[in-house]
Amino acid sequence: MKVVKATARVFGWKDKIGYAFGDLGNCFILGLVNSFLTIYYTNALGISGAIVGILFLSARCIDAFADVTVGRIADVAPLQKAGRFRPWIRYVKYPFCAITVILFLPMVGNWPMAFRLVYVFVTYLVYGILNSCINIPYGSMASAISDNPDHRASLSTSRSVGSAIGGATTGFMIPLLVYKATVNGQQTVSSMRFFMVSIMCAVIAFICYNMIYAMTTERVQVRKTQKVSAKKLVKGLITNKALMALVVADFFLVINQNLSGTLATYLFTDYFRNTQALSIALLFTFGTVVVLAPFATKLIKAFGKKEASIACLAFGTVMYLLMYVMHITDPWVYLVLLFLATLGSGMFNLMVWAFITDVIDYCQFSTGFREDGTVYGVNSFSRKLAQAFGGGLGGFMLAAIGYVSSTSGGAEQTAAVINRIYAIGNLIPAGCLLLGMLTLILFYPLNKKRIDAVDAELAERRSRDIAEQESSKSA
């Protein structure tokens with residue numbers, strides 16, 4: 001491994017804003033797909049919740065392997081002038097934005113059920129693979145933009161703020177655009193409206209991907225001078241306690257993140273029957289990250305990523321359990337408590353990308369080789385499995401509680417089903433946050449003191465490498 005000293009401008013606001021555009025664009029697509037594709041499939045295409053669960057579970061398990069594959073390809077590919085990861089965004093943005101629109105073609109609802117099932121499986125699988133091809137390089141870029149820990153923490157915060165703005169915007173606006181009310185006050189979805197919204201989200205995402213490519217610079221460029229054997233690489237990854245603990249914690253918290261939008265959609269549509277409150281609820285889910293962002297750097301410097309995240313996850317667990325016990329019927333009271341509960345998961349979601357760069361550094365510190373894309377891909381593999389499990393769990397639980405699917409925009413649910421929706425809408429997040437918190441407490445080794453020591457050692461190694469290069473040139 002040879003660290004190449006890249007000639008580039010000093011890290012600054014342009015990199016932060018440019019990196020934020022990446023997840024801003026992502027969330028105009030992911031906010032639409034993750035939160036609304038289930039209800040589109042069940043209430044516009046008439047596909048049962050159980051089949052949707054099988055679809056998500058199988059498709060995500062397949063494209064999870066694409067994450068590791070893309071990460072490994074990015075790591076071993078020749079270093080380009082633009083860097084190792086930015087070129088992927090430049091080219092993959094075209095098919096990724098296109099498949100987003102294809103997911104919501106309105107005429108599919110008129111096809112025979114067999115054709116509908118083939119369509120949703122193929123298009124969702126292609127969507128997942130293209131998602132890997134743009135998001136693995138994007139996530140890996142953070143460790144290549146700067147080697148300064150504070151810069152990387154600021155990039156994680158910027159990415160999370162971009163994600164929050166995109167997620168909050170889509171969460172607030174999409175329910176207002178895709179739903180229509182029947183004469184009895186029931187909220188139904190429109191296939192054509194979903195199609196128009198998908199075009200809008202794809203265009204905005206395309207613009208954002210152009211912005212990240214133009215505004216960011218990869219300063220830490222590593223030219224691989226020797227191949228790392230697969231056996232050695234796998235052994236190094238498996239024995240990396242920090243990576244394995246982060247993978248497990250992230251698994252539980254991504255399940256919560258993946259299900260929160262879906263559960264909120266059914267909760268506010270069927271239990272509260274208030275899509276205006278749904279828009280605000282989805283706004284809160286992402287908006288809490290923006291609320292926490294100004295304090296994130298100070299909290300990290302004072303307490304550390306691990307310590308601050310544990311405290312917030314404990315608070316969120318208590319709030320969800322409290323809401324379940326109270327069995328609230330007023331949507332506006334529920335929204336206030338939901339805002340407080342989402343603060344609990346917000347800190348981890350804000351810092352998860354900085355956690356990953358810490359783990360990449362720890363891998364280099366422990367093994368001597370640096371594989372940014374592969375490590376990021378392994379963690380993303382876990383996140384995809386969590387999304388698969390979460391998507392499957394959501395569909396299976398809808399079937400288990402007796403939820404009735406429809407091809408006309410939505411069916412009337414029984415009182416028992418409605419109450420069960422409320423129960424799972426609070427107990428599942430509480431359980432996920434609790435398990436994520438316990439994993440960090442018991443198994444994640446990189447507390448503030450430990451990671452500061454790792455960063456200092458790596459900085460010394462990089463200085464030696466660059467000094468040797470300069471000495472060789474002068475000789």
# chains A, B, ... in the order shown; residues from 1 in each chain; ligands from 1
$ residues_around --residues "segment 41-49 of chain A" --least-positions-apart "5" --cutoff "10 Å" --atoms "only C-alpha atoms" --output "ChimeraX atom specification"
/A:36,54-55,104,106-111,113,116-117,120,188-192,194,392-400,402-411
$ select_by_dssp --residues "segment 59-216 of chain A" --states "strand (DSSP E)" --output "PyMOL selection string"
chain A and resi 179-181+187-189
$ closest_atom_pairs --of "segment 230-320 of chain A" --to "segment 382-387 of chain A" --cutoff "8 Å" --atoms "only C-alpha atoms" --output "JSON lines"
{"residue": "A:Val247", "atom": "CA", "partner": "A:Ser382", "partner_atom": "CA", "distance": 5.9}
{"residue": "A:Val248", "atom": "CA", "partner": "A:Ser382", "partner_atom": "CA", "distance": 7.6}
{"residue": "A:Asp250", "atom": "CA", "partner": "A:Arg383", "partner_atom": "CA", "distance": 6.7}
{"residue": "A:Phe251", "atom": "CA", "partner": "A:Ala386", "partner_atom": "CA", "distance": 5.1}
{"residue": "A:Phe252", "atom": "CA", "partner": "A:Ala386", "partner_atom": "CA", "distance": 7.0}
{"residue": "A:Val254", "atom": "CA", "partner": "A:Ala386", "partner_atom": "CA", "distance": 6.0}
{"residue": "A:Ile255", "atom": "CA", "partner": "A:Ala386", "partner_atom": "CA", "distance": 5.2}
{"residue": "A:Asn258", "atom": "CA", "partner": "A:Gln387", "partner_atom": "CA", "distance": 6.0}
$ residues_around --residues "Met173 of chain A" --least-positions-apart "6" --cutoff "12 Å" --atoms "only C-alpha atoms" --output "list in words"
Phe28, Gly31, Leu32, Ile165, Gly166, Gly167, Tyr179, Phe194, Val197, Met200, Cys201, Thr275, Gln276, Ala277, Leu278, Ser279, Ile280, Ala281, Leu282 and Leu283 of chain A
$ atom_distance --atom1 "atom CA of Gly316 of chain A" --atom2 "atom CA of Gly346 of chain A"
9.1 Å
$ residues_around --residues "segment 436-440 of chain A" --least-positions-apart "5" --cutoff "7 Å" --atoms "only C-alpha atoms" --output "list in words"
Ala245, Ala249, Asp250, Phe252, Leu253, Lys306, Ile310, Leu313 and Ala314 of chain A
$ write_last_selection --atoms "N, CA, C and O atoms" --output "PDB file, in the first residue's frame"
ATOM      1  N   ALA A 245     -18.846  -5.495  15.915  1.00  0.00           N
ATOM      2  CA  ALA A 245     -19.802  -4.883  16.836  1.00  0.00           C
ATOM      3  C   ALA A 245     -20.625  -3.804  16.139  1.00  0.00           C
ATOM      4  O   ALA A 245     -21.847  -3.706  16.353  1.00  0.00           O
ATOM      5  N   ALA A 249     -24.723  -3.681  15.789  1.00  0.00           N
ATOM      6  CA  ALA A 249     -25.490  -2.533  16.274  1.00  0.00           C
ATOM      7  C   ALA A 249     -26.231  -1.851  15.135  1.00  0.00           C
ATOM      8  O   ALA A 249     -27.415  -1.501  15.252  1.00  0.00           O
ATOM      9  N   ASP A 250     -25.530  -1.670  14.016  1.00  0.00           N
ATOM     10  CA  ASP A 250     -26.137  -1.029  12.856  1.00  0.00           C
ATOM     11  C   ASP A 250     -27.289  -1.868  12.305  1.00  0.00           C
ATOM     12  O   ASP A 250     -28.287  -1.338  11.802  1.00  0.00           O
ATOM     13  N   PHE A 252     -29.500  -3.680  13.958  1.00  0.00           N
ATOM     14  CA  PHE A 252     -30.723  -3.415  14.719  1.00  0.00           C
ATOM     15  C   PHE A 252     -31.256  -2.008  14.460  1.00  0.00           C
ATOM     16  O   PHE A 252     -32.477  -1.807  14.323  1.00  0.00           O
ATOM     17  N   LEU A 253     -30.365  -1.039  14.355  1.00  0.00           N
ATOM     18  CA  LEU A 253     -30.816   0.336  14.204  1.00  0.00           C
ATOM     19  C   LEU A 253     -31.292   0.642  12.791  1.00  0.00           C
ATOM     20  O   LEU A 253     -32.143   1.503  12.591  1.00  0.00           O
ATOM     21  N   LYS A 306     -19.171   6.735  20.854  1.00  0.00           N
ATOM     22  CA  LYS A 306     -19.794   5.587  21.517  1.00  0.00           C
ATOM     23  C   LYS A 306     -20.610   6.038  22.718  1.00  0.00           C
ATOM     24  O   LYS A 306     -21.786   5.654  22.872  1.00  0.00           O
ATOM     25  N   ILE A 310     -24.815   5.860  23.099  1.00  0.00           N
ATOM     26  CA  ILE A 310     -25.435   4.974  24.094  1.00  0.00           C
ATOM     27  C   ILE A 310     -26.468   5.732  24.934  1.00  0.00           C
ATOM     28  O   ILE A 310     -27.579   5.255  25.167  1.00  0.00           O
ATOM     29  N   LEU A 313     -29.609   6.445  22.783  1.00  0.00           N
ATOM     30  CA  LEU A 313     -30.388   5.232  22.507  1.00  0.00           C
ATOM     31  C   LEU A 313     -31.192   4.804  23.733  1.00  0.00           C
ATOM     32  O   LEU A 313     -32.335   4.341  23.606  1.00  0.00           O
ATOM     33  N   ALA A 314     -30.621   4.953  24.916  1.00  0.00           N
ATOM     34  CA  ALA A 314     -31.341   4.614  26.149  1.00  0.00           C
ATOM     35  C   ALA A 314     -32.569   5.510  26.308  1.00  0.00           C
ATOM     36  O   ALA A 314     -33.663   5.037  26.661  1.00  0.00           O
TER      37      ALA A 314
END
$ residues_around --residues "Leu259 of chain A" --least-positions-apart "6" --cutoff "9 Å" --atoms "only C-alpha atoms" --output "list in words"
Asn34, Ser35, Gln387, Gly390, Gly391, Leu393, Gly394, Gly425, Ile428 and Pro429 of chain A
